[in-house]
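Pasted below: final.cif, mmCIF, C-alpha atoms and all ligand atoms; chains and numbers go by the auth columns.
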data_work
#
loop_
_atom_site.group_PDB
_atom_site.id
_atom_site.type_symbol
_atom_site.label_atom_id
_atom_site.label_comp_id
_atom_site.label_asym_id
_atom_site.label_seq_id
_atom_site.Cartn_x
_atom_site.Cartn_y
_atom_site.Cartn_z
_atom_site.B_iso_or_equiv
_atom_site.auth_seq_id
_atom_site.auth_asym_id
ATOM 1 C CA MET A 1 134.125 -67.223 47.631 0.00 1 A
ATOM 2 C CA GLY A 2 131.643 -68.672 45.174 0.00 2 A
ATOM 3 C CA THR A 3 133.805 -70.008 42.354 0.00 3 A
ATOM 4 C CA LEU A 4 134.909 -73.592 42.049 0.00 4 A
ATOM 5 C CA LEU A 5 138.282 -73.141 40.386 0.00 5 A
ATOM 6 C CA ALA A 6 138.444 -76.655 39.020 0.00 6 A
ATOM 7 C CA GLY A 7 135.025 -76.377 37.388 0.00 7 A
ATOM 8 C CA VAL A 8 132.622 -79.268 36.896 0.00 8 A
ATOM 9 C CA PRO A 9 131.127 -80.610 33.645 0.00 9 A
ATOM 10 C CA GLY A 10 129.086 -77.811 32.103 0.00 10 A
ATOM 11 C CA VAL A 11 130.602 -75.123 34.318 0.00 11 A
ATOM 12 C CA PRO A 12 133.765 -73.340 33.167 0.00 12 A
ATOM 13 C CA ALA A 13 136.815 -73.662 35.398 0.00 13 A
ATOM 14 C CA GLY A 14 137.922 -70.608 37.339 0.00 14 A
ATOM 15 C CA LYS A 15 140.552 -68.271 35.979 0.00 15 A
ATOM 16 C CA ILE A 16 143.825 -67.859 37.866 0.00 16 A
ATOM 17 C CA VAL A 17 146.094 -64.991 36.847 0.00 17 A
ATOM 18 C CA ILE A 18 149.722 -65.097 37.976 0.00 18 A
ATOM 19 C CA LEU A 19 151.584 -61.790 37.899 0.00 19 A
ATOM 20 C CA GLY A 20 155.248 -62.645 37.564 0.00 20 A
ATOM 21 C CA SER A 21 156.531 -65.803 35.887 0.00 21 A
ATOM 22 C CA GLY A 22 159.840 -66.362 37.673 0.00 22 A
ATOM 23 C CA VAL A 23 160.519 -69.032 40.287 0.00 23 A
ATOM 24 C CA VAL A 24 157.552 -68.109 42.465 0.00 24 A
ATOM 25 C CA GLY A 25 155.200 -67.691 39.518 0.00 25 A
ATOM 26 C CA ALA A 26 156.192 -71.063 38.068 0.00 26 A
ATOM 27 C CA ASN A 27 155.583 -72.669 41.454 0.00 27 A
ATOM 28 C CA ALA A 28 152.142 -71.069 41.639 0.00 28 A
ATOM 29 C CA ALA A 29 151.437 -72.202 38.060 0.00 29 A
ATOM 30 C CA ARG A 30 152.184 -75.829 38.981 0.00 30 A
ATOM 31 C CA ILE A 31 149.597 -75.686 41.752 0.00 31 A
ATOM 32 C CA ALA A 32 147.060 -73.769 39.648 0.00 32 A
ATOM 33 C CA VAL A 33 147.355 -76.247 36.773 0.00 33 A
ATOM 34 C CA GLY A 34 147.007 -79.096 39.269 0.00 34 A
ATOM 35 C CA LEU A 35 143.731 -77.599 40.433 0.00 35 A
ATOM 36 C CA GLY A 36 142.372 -77.666 36.889 0.00 36 A
ATOM 37 C CA ALA A 37 141.923 -73.909 36.622 0.00 37 A
ATOM 38 C CA ARG A 38 142.409 -71.828 33.482 0.00 38 A
ATOM 39 C CA VAL A 39 145.833 -70.328 34.129 0.00 39 A
ATOM 40 C CA PHE A 40 147.360 -67.133 32.708 0.00 40 A
ATOM 41 C CA ALA A 41 150.955 -66.137 33.503 0.00 41 A
ATOM 42 C CA LEU A 42 152.163 -62.576 32.916 0.00 42 A
ATOM 43 C CA ASP A 43 155.699 -61.225 32.854 0.00 43 A
ATOM 44 C CA ARG A 44 157.813 -58.578 31.175 0.00 44 A
ATOM 45 C CA SER A 45 160.606 -61.077 30.614 0.00 45 A
ATOM 46 C CA VAL A 46 160.181 -62.989 27.371 0.00 46 A
ATOM 47 C CA ASP A 47 162.659 -65.567 28.706 0.00 47 A
ATOM 48 C CA ALA A 48 160.522 -66.161 31.785 0.00 48 A
ATOM 49 C CA LEU A 49 157.423 -66.578 29.599 0.00 49 A
ATOM 50 C CA ARG A 50 159.320 -69.004 27.352 0.00 50 A
ATOM 51 C CA ARG A 51 160.293 -71.126 30.378 0.00 51 A
ATOM 52 C CA ILE A 52 156.640 -71.249 31.436 0.00 52 A
ATOM 53 C CA GLU A 53 155.644 -72.255 27.906 0.00 53 A
ATOM 54 C CA CYS A 54 158.295 -75.002 27.845 0.00 54 A
ATOM 55 C CA GLU A 55 157.127 -76.463 31.127 0.00 55 A
ATOM 56 C CA PHE A 56 153.370 -76.139 30.774 0.00 56 A
ATOM 57 C CA GLY A 57 152.650 -75.976 27.027 0.00 57 A
ATOM 58 C CA ALA A 58 149.010 -75.153 26.356 0.00 58 A
ATOM 59 C CA ARG A 59 147.972 -75.570 29.998 0.00 59 A
ATOM 60 C CA VAL A 60 149.190 -72.062 30.819 0.00 60 A
ATOM 61 C CA VAL A 61 148.565 -69.045 28.583 0.00 61 A
ATOM 62 C CA THR A 62 151.572 -66.716 28.661 0.00 62 A
ATOM 63 C CA VAL A 63 150.957 -62.989 28.308 0.00 63 A
ATOM 64 C CA TYR A 64 153.476 -60.189 27.895 0.00 64 A
ATOM 65 C CA SER A 65 152.829 -57.893 30.829 0.00 65 A
ATOM 66 C CA SER A 66 151.686 -54.341 30.200 0.00 66 A
ATOM 67 C CA ARG A 67 149.413 -52.014 32.126 0.00 67 A
ATOM 68 C CA ASP A 68 146.531 -52.876 29.771 0.00 68 A
ATOM 69 C CA ALA A 69 147.199 -56.622 29.903 0.00 69 A
ATOM 70 C CA ILE A 70 147.277 -56.560 33.713 0.00 70 A
ATOM 71 C CA GLU A 71 144.002 -54.661 33.854 0.00 71 A
ATOM 72 C CA GLN A 72 142.272 -56.919 31.344 0.00 72 A
ATOM 73 C CA HIS A 73 143.321 -60.154 33.065 0.00 73 A
ATOM 74 C CA VAL A 74 142.883 -58.990 36.653 0.00 74 A
ATOM 75 C CA LEU A 75 139.318 -57.870 35.913 0.00 75 A
ATOM 76 C CA SER A 76 138.330 -61.266 34.504 0.00 76 A
ATOM 77 C CA ALA A 77 140.182 -63.331 37.134 0.00 77 A
ATOM 78 C CA ASP A 78 138.724 -65.383 39.955 0.00 78 A
ATOM 79 C CA LEU A 79 142.090 -65.455 41.678 0.00 79 A
ATOM 80 C CA VAL A 80 145.145 -63.253 41.168 0.00 80 A
ATOM 81 C CA ILE A 81 148.502 -64.361 42.554 0.00 81 A
ATOM 82 C CA GLY A 82 151.159 -61.678 42.920 0.00 82 A
ATOM 83 C CA ALA A 83 154.542 -63.299 42.281 0.00 83 A
ATOM 84 C CA VAL A 84 156.796 -60.492 41.126 0.00 84 A
ATOM 85 C CA LEU A 85 160.260 -60.442 42.616 0.00 85 A
ATOM 86 C CA VAL A 86 162.651 -57.587 41.970 0.00 86 A
ATOM 87 C CA PRO A 87 165.865 -58.393 43.846 0.00 87 A
ATOM 88 C CA GLY A 88 166.659 -55.825 46.486 0.00 88 A
ATOM 89 C CA ALA A 89 163.412 -53.907 46.022 0.00 89 A
ATOM 90 C CA ALA A 90 159.942 -54.057 47.451 0.00 90 A
ATOM 91 C CA ALA A 91 157.603 -56.117 45.275 0.00 91 A
ATOM 92 C CA PRO A 92 156.168 -53.709 42.711 0.00 92 A
ATOM 93 C CA ARG A 93 152.524 -52.920 43.203 0.00 93 A
ATOM 94 C CA LEU A 94 150.974 -53.955 39.922 0.00 94 A
ATOM 95 C CA VAL A 95 147.419 -54.029 41.184 0.00 95 A
ATOM 96 C CA SER A 96 146.256 -50.646 42.395 0.00 96 A
ATOM 97 C CA ARG A 97 143.547 -50.252 44.997 0.00 97 A
ATOM 98 C CA ALA A 98 141.295 -48.852 42.270 0.00 98 A
ATOM 99 C CA LEU A 99 141.825 -51.932 40.104 0.00 99 A
ATOM 100 C CA LEU A 100 141.357 -54.225 43.107 0.00 100 A
ATOM 101 C CA ALA A 101 137.990 -52.592 43.765 0.00 101 A
ATOM 102 C CA ARG A 102 136.856 -53.392 40.201 0.00 102 A
ATOM 103 C CA MET A 103 137.682 -57.118 40.379 0.00 103 A
ATOM 104 C CA LYS A 104 134.888 -59.638 39.879 0.00 104 A
ATOM 105 C CA ARG A 105 132.611 -60.219 42.824 0.00 105 A
ATOM 106 C CA GLY A 106 134.032 -63.041 44.916 0.00 106 A
ATOM 107 C CA ALA A 107 137.453 -62.821 43.282 0.00 107 A
ATOM 108 C CA ALA A 108 140.568 -62.734 45.446 0.00 108 A
ATOM 109 C CA LEU A 109 144.120 -61.453 45.351 0.00 109 A
ATOM 110 C CA VAL A 110 146.945 -63.337 47.028 0.00 110 A
ATOM 111 C CA ASP A 111 150.265 -61.568 47.229 0.00 111 A
ATOM 112 C CA GLY A 112 152.896 -64.262 47.226 0.00 112 A
ATOM 113 C CA LEU A 113 155.651 -61.753 47.889 0.00 113 A
ATOM 114 C CA PRO A 114 155.086 -58.925 50.348 0.00 114 A
ATOM 115 C CA ASP A 115 158.718 -57.955 49.856 0.00 115 A
ATOM 116 C CA ALA A 116 161.733 -59.116 47.936 0.00 116 A
ATOM 117 C CA ARG A 117 163.306 -61.069 50.796 0.00 117 A
ATOM 118 C CA ALA A 118 160.153 -62.929 51.696 0.00 118 A
ATOM 119 C CA TYR A 119 160.600 -65.818 49.319 0.00 119 A
ATOM 120 C CA GLN A 120 164.295 -66.258 50.044 0.00 120 A
ATOM 121 C CA ASP A 121 163.696 -66.167 53.782 0.00 121 A
ATOM 122 C CA ARG A 122 160.519 -68.232 53.722 0.00 122 A
ATOM 123 C CA PRO A 123 160.748 -71.123 51.277 0.00 123 A
ATOM 124 C CA TRP A 124 157.587 -72.507 52.911 0.00 124 A
ATOM 125 C CA TYR A 125 155.571 -69.884 51.009 0.00 125 A
ATOM 126 C CA GLY A 126 155.544 -72.020 47.899 0.00 126 A
ATOM 127 C CA TRP A 127 155.016 -75.277 49.746 0.00 127 A
ATOM 128 C CA ILE A 128 152.544 -74.267 52.446 0.00 128 A
ATOM 129 C CA LEU A 129 151.096 -70.786 52.089 0.00 129 A
ATOM 130 C CA ILE A 130 150.172 -70.896 48.407 0.00 130 A
ATOM 131 C CA PRO A 131 148.599 -74.390 48.466 0.00 131 A
ATOM 132 C CA HIS A 132 146.793 -73.345 51.655 0.00 132 A
ATOM 133 C CA GLU A 133 145.312 -70.216 50.065 0.00 133 A
ATOM 134 C CA LEU A 134 144.496 -71.996 46.810 0.00 134 A
ATOM 135 C CA SER A 135 142.651 -74.661 48.801 0.00 135 A
ATOM 136 C CA HIS A 136 140.463 -71.956 50.270 0.00 136 A
ATOM 137 C CA GLN A 137 139.602 -70.958 46.721 0.00 137 A
ATOM 138 C CA TRP A 138 139.179 -74.471 45.450 0.00 138 A
ATOM 139 C CA PHE A 139 136.897 -75.740 48.170 0.00 139 A
ATOM 140 C CA GLY A 140 137.327 -74.293 51.609 0.00 140 A
ATOM 141 C CA ASP A 141 135.429 -71.102 50.888 0.00 141 A
ATOM 142 C CA TYR A 142 133.171 -72.595 48.246 0.00 142 A
ATOM 143 C CA VAL A 143 131.242 -74.188 51.057 0.00 143 A
ATOM 144 C CA THR A 144 130.746 -71.170 53.277 0.00 144 A
ATOM 145 C CA THR A 145 130.034 -71.650 56.940 0.00 145 A
ATOM 146 C CA GLU A 146 127.116 -69.852 58.506 0.00 146 A
ATOM 147 C CA ASN A 147 129.163 -68.029 61.142 0.00 147 A
ATOM 148 C CA TRP A 148 132.689 -67.482 62.422 0.00 148 A
ATOM 149 C CA ALA A 149 132.307 -70.166 65.072 0.00 149 A
ATOM 150 C CA ASN A 150 132.532 -72.763 62.301 0.00 150 A
ATOM 151 C CA THR A 151 135.381 -71.204 60.357 0.00 151 A
ATOM 152 C CA TRP A 152 137.740 -73.913 61.618 0.00 152 A
ATOM 153 C CA LEU A 153 136.117 -76.094 58.938 0.00 153 A
ATOM 154 C CA ASN A 154 137.529 -73.816 56.235 0.00 154 A
ATOM 155 C CA GLU A 155 140.902 -73.502 57.934 0.00 155 A
ATOM 156 C CA GLY A 156 141.089 -77.210 58.715 0.00 156 A
ATOM 157 C CA PHE A 157 140.528 -78.052 55.070 0.00 157 A
ATOM 158 C CA ALA A 158 143.053 -75.473 53.893 0.00 158 A
ATOM 159 C CA GLU A 159 145.605 -76.769 56.408 0.00 159 A
ATOM 160 C CA PHE A 160 145.011 -80.332 55.251 0.00 160 A
ATOM 161 C CA MET A 161 145.570 -79.720 51.532 0.00 161 A
ATOM 162 C CA PRO A 162 149.275 -78.750 51.497 0.00 162 A
ATOM 163 C CA GLY A 163 149.925 -82.261 52.862 0.00 163 A
ATOM 164 C CA GLN A 164 148.120 -83.698 49.845 0.00 164 A
ATOM 165 C CA TYR A 165 150.176 -81.442 47.607 0.00 165 A
ATOM 166 C CA TRP A 166 153.364 -82.724 49.291 0.00 166 A
ATOM 167 C CA ARG A 167 152.196 -86.314 48.814 0.00 167 A
ATOM 168 C CA GLU A 168 151.632 -85.772 45.069 0.00 168 A
ATOM 169 C CA ASN A 169 154.911 -83.966 44.511 0.00 169 A
ATOM 170 C CA LEU A 170 157.313 -85.393 47.068 0.00 170 A
ATOM 171 C CA GLY A 171 155.821 -88.737 48.077 0.00 171 A
ATOM 172 C CA ARG A 172 154.101 -90.330 51.024 0.00 172 A
ATOM 173 C CA HIS A 173 156.898 -89.738 53.520 0.00 173 A
ATOM 174 C CA ALA A 174 156.823 -85.999 52.834 0.00 174 A
ATOM 175 C CA ALA A 175 153.089 -85.995 53.549 0.00 175 A
ATOM 176 C CA ASP A 176 153.747 -87.871 56.806 0.00 176 A
ATOM 177 C CA ASP A 177 156.304 -85.220 57.743 0.00 177 A
ATOM 178 C CA TYR A 178 153.867 -82.462 56.965 0.00 178 A
ATOM 179 C CA TYR A 179 151.073 -83.918 59.083 0.00 179 A
ATOM 180 C CA SER A 180 153.286 -84.838 62.024 0.00 180 A
ATOM 181 C CA ASP A 181 154.777 -81.329 62.107 0.00 181 A
ATOM 182 C CA GLU A 182 151.461 -79.581 62.413 0.00 182 A
HETATM 183 ZN ZN ZN B . 143.500 -70.124 55.885 0.00 201 B
#
Transcribe the structure of this file into structure tokens.
Amino acid sequence: MGTLLAGVPGVPAGKIVILGSGVVGANAARIAVGLGARVFALDRSVDALRRIECEFGARVVTVYSSRDAIEQHVLSADLVIGAVLVPGAAAPRLVSRALLARMKRGAALVDGLPDARAYQDRPWYGWILIPHELSHQWFGDYVTTENWANTWLNEGFAEFMPGQYWRENLGRHAADDYYSDE
């Protein structure tokens, strides 16, 4: 992946699009904002969008979700995070294979919710999986290794970063817990 999501002076920050602005989407938005990306949150619930606006103000652009809005934002995204939860149902497939194929070169899609029970059953998604995958985007895959033999560098970095996220959000002892559990 060739985009530095945080950007550097003179280079625009990457664009992260979050599909779904409920609990999982808000969690993803916190991480995305922390990375310094340009963040767009979509949802069909005006209440959910309002909660995002209250928490993040101008740091997250809220967008009412429609087929056209999804297409427009997915096509200009560097990273799309699927975070739609419909209780009791499989996560709706908002991004078709055809749309996926038209995404920007180097862009990625992370589905935060393979099915509706995933988040309830696996609270570590928000605390480990998403920061892990975002770290790949932010740095781990920006510096690309020459061959698979060295891919542990990418994974090592991505495994390291959730601990830093824990430290920022939960304090030093949480980071210690994270690193001693690995
Ligand atoms: Zn990884």
Next on the checklist: Taking only C-alpha atoms and all ligand atoms into account, list the residues no farther than 9 Å from ligand ZN 201 (chain B), as an MDAnalysis selection string.
Outcome noted: chainID A and resid 129 132:133 135:136 140 152 154:159
Next on the checklist: Which polymer residues, whether protein, DNA or RNA, lie within 8 Å of the coordinate (140.1, -69.1, 38.4) when you count only C-alpha atoms? List them as a PyMOL selection string, using the chain letters and numbers from the file.
Outcome noted: chain A and resi 3-6+13-17+37-39+77-79
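Counting only C-alpha atoms, the residue from A:Ala149, A:Ala98, A:Leu134, A:Leu42 that sits nearest to A:Ala83 is A:Leu42.
Minimum atom-to-atom distances from A:Ala32, A:Leu75, A:Val84, A:Val95 to A:Leu19 were compared using all atoms listed in the file, and the lowest value belongs to A:Val84.
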Item to check | Nearest to A:Leu109 by atom-to-atom distance, counting all atoms listed in the file, from A:Ile18, A:Leu49, A:Ala26, A:Val11 | outcome: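 Closest to A:Leu109 of all the choices is A:Ile18.
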Next on the checklist: Can you spell out as a PyMOL selection string the set of residues that the PyMOL selection byres (((chain A and resi 60) around 6) and not hetatm) selects in the structure I just provided?
Outcome noted: chain A and resi 39-40+56+58-59+61
Go ahead and save the residues from that selection, with C-alpha atoms, as an mmCIF file, keeping the file's coordinate frame.
data_model
loop_
_atom_site.group_PDB
_atom_site.id
_atom_site.type_symbol
_atom_site.label_atom_id
_atom_site.label_comp_id
_atom_site.auth_asym_id
_atom_site.auth_seq_id
_atom_site.Cartn_x
_atom_site.Cartn_y
_atom_site.Cartn_z
ATOM 1 C CA VAL A 39 145.833 -70.328 34.129
ATOM 2 C CA PHE A 40 147.360 -67.133 32.708
ATOM 3 C CA PHE A 56 153.370 -76.139 30.774
ATOM 4 C CA ALA A 58 149.010 -75.153 26.356
ATOM 5 C CA ARG A 59 147.972 -75.570 29.998
ATOM 6 C CA VAL A 61 148.565 -69.045 28.583
#
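Within the 10 Å cut-off around A:Ala174, using only C-alpha atoms and omitting residues fewer than 5 positions from it on the same chain, the listed residues are Gly163, Gln164, Tyr165, Trp166, Arg167, Glu168, Asn169, Tyr179 and Ser180 of chain A.
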Given the file shown, determine the residues that the PyMOL selection byres (((chain A and resi 50) around 12) and not hetatm) selects; report them as a compact mmCIF listing (two decimals) with C-alpha atoms, in the coordinates of the input.
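In the end it all went to result-v7.txt:
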# COMPACT_ATOMS: atom_id res chain seq x y z
CA SER A 21 156.53 -65.80 35.89
CA GLY A 22 159.84 -66.36 37.67
CA ALA A 26 156.19 -71.06 38.07
CA ALA A 41 150.96 -66.14 33.50
CA LEU A 42 152.16 -62.58 32.92
CA ASP A 43 155.70 -61.22 32.85
CA ARG A 44 157.81 -58.58 31.18
CA SER A 45 160.61 -61.08 30.61
CA VAL A 46 160.18 -62.99 27.37
CA ASP A 47 162.66 -65.57 28.71
CA ALA A 48 160.52 -66.16 31.78
CA LEU A 49 157.42 -66.58 29.60
CA ARG A 51 160.29 -71.13 30.38
CA ILE A 52 156.64 -71.25 31.44
CA GLU A 53 155.64 -72.26 27.91
CA CYS A 54 158.29 -75.00 27.84
CA GLU A 55 157.13 -76.46 31.13
CA PHE A 56 153.37 -76.14 30.77
CA GLY A 57 152.65 -75.98 27.03
CA VAL A 60 149.19 -72.06 30.82
CA VAL A 61 148.56 -69.04 28.58
CA THR A 62 151.57 -66.72 28.66
CA VAL A 63 150.96 -62.99 28.31
CA TYR A 64 153.48 -60.19 27.90
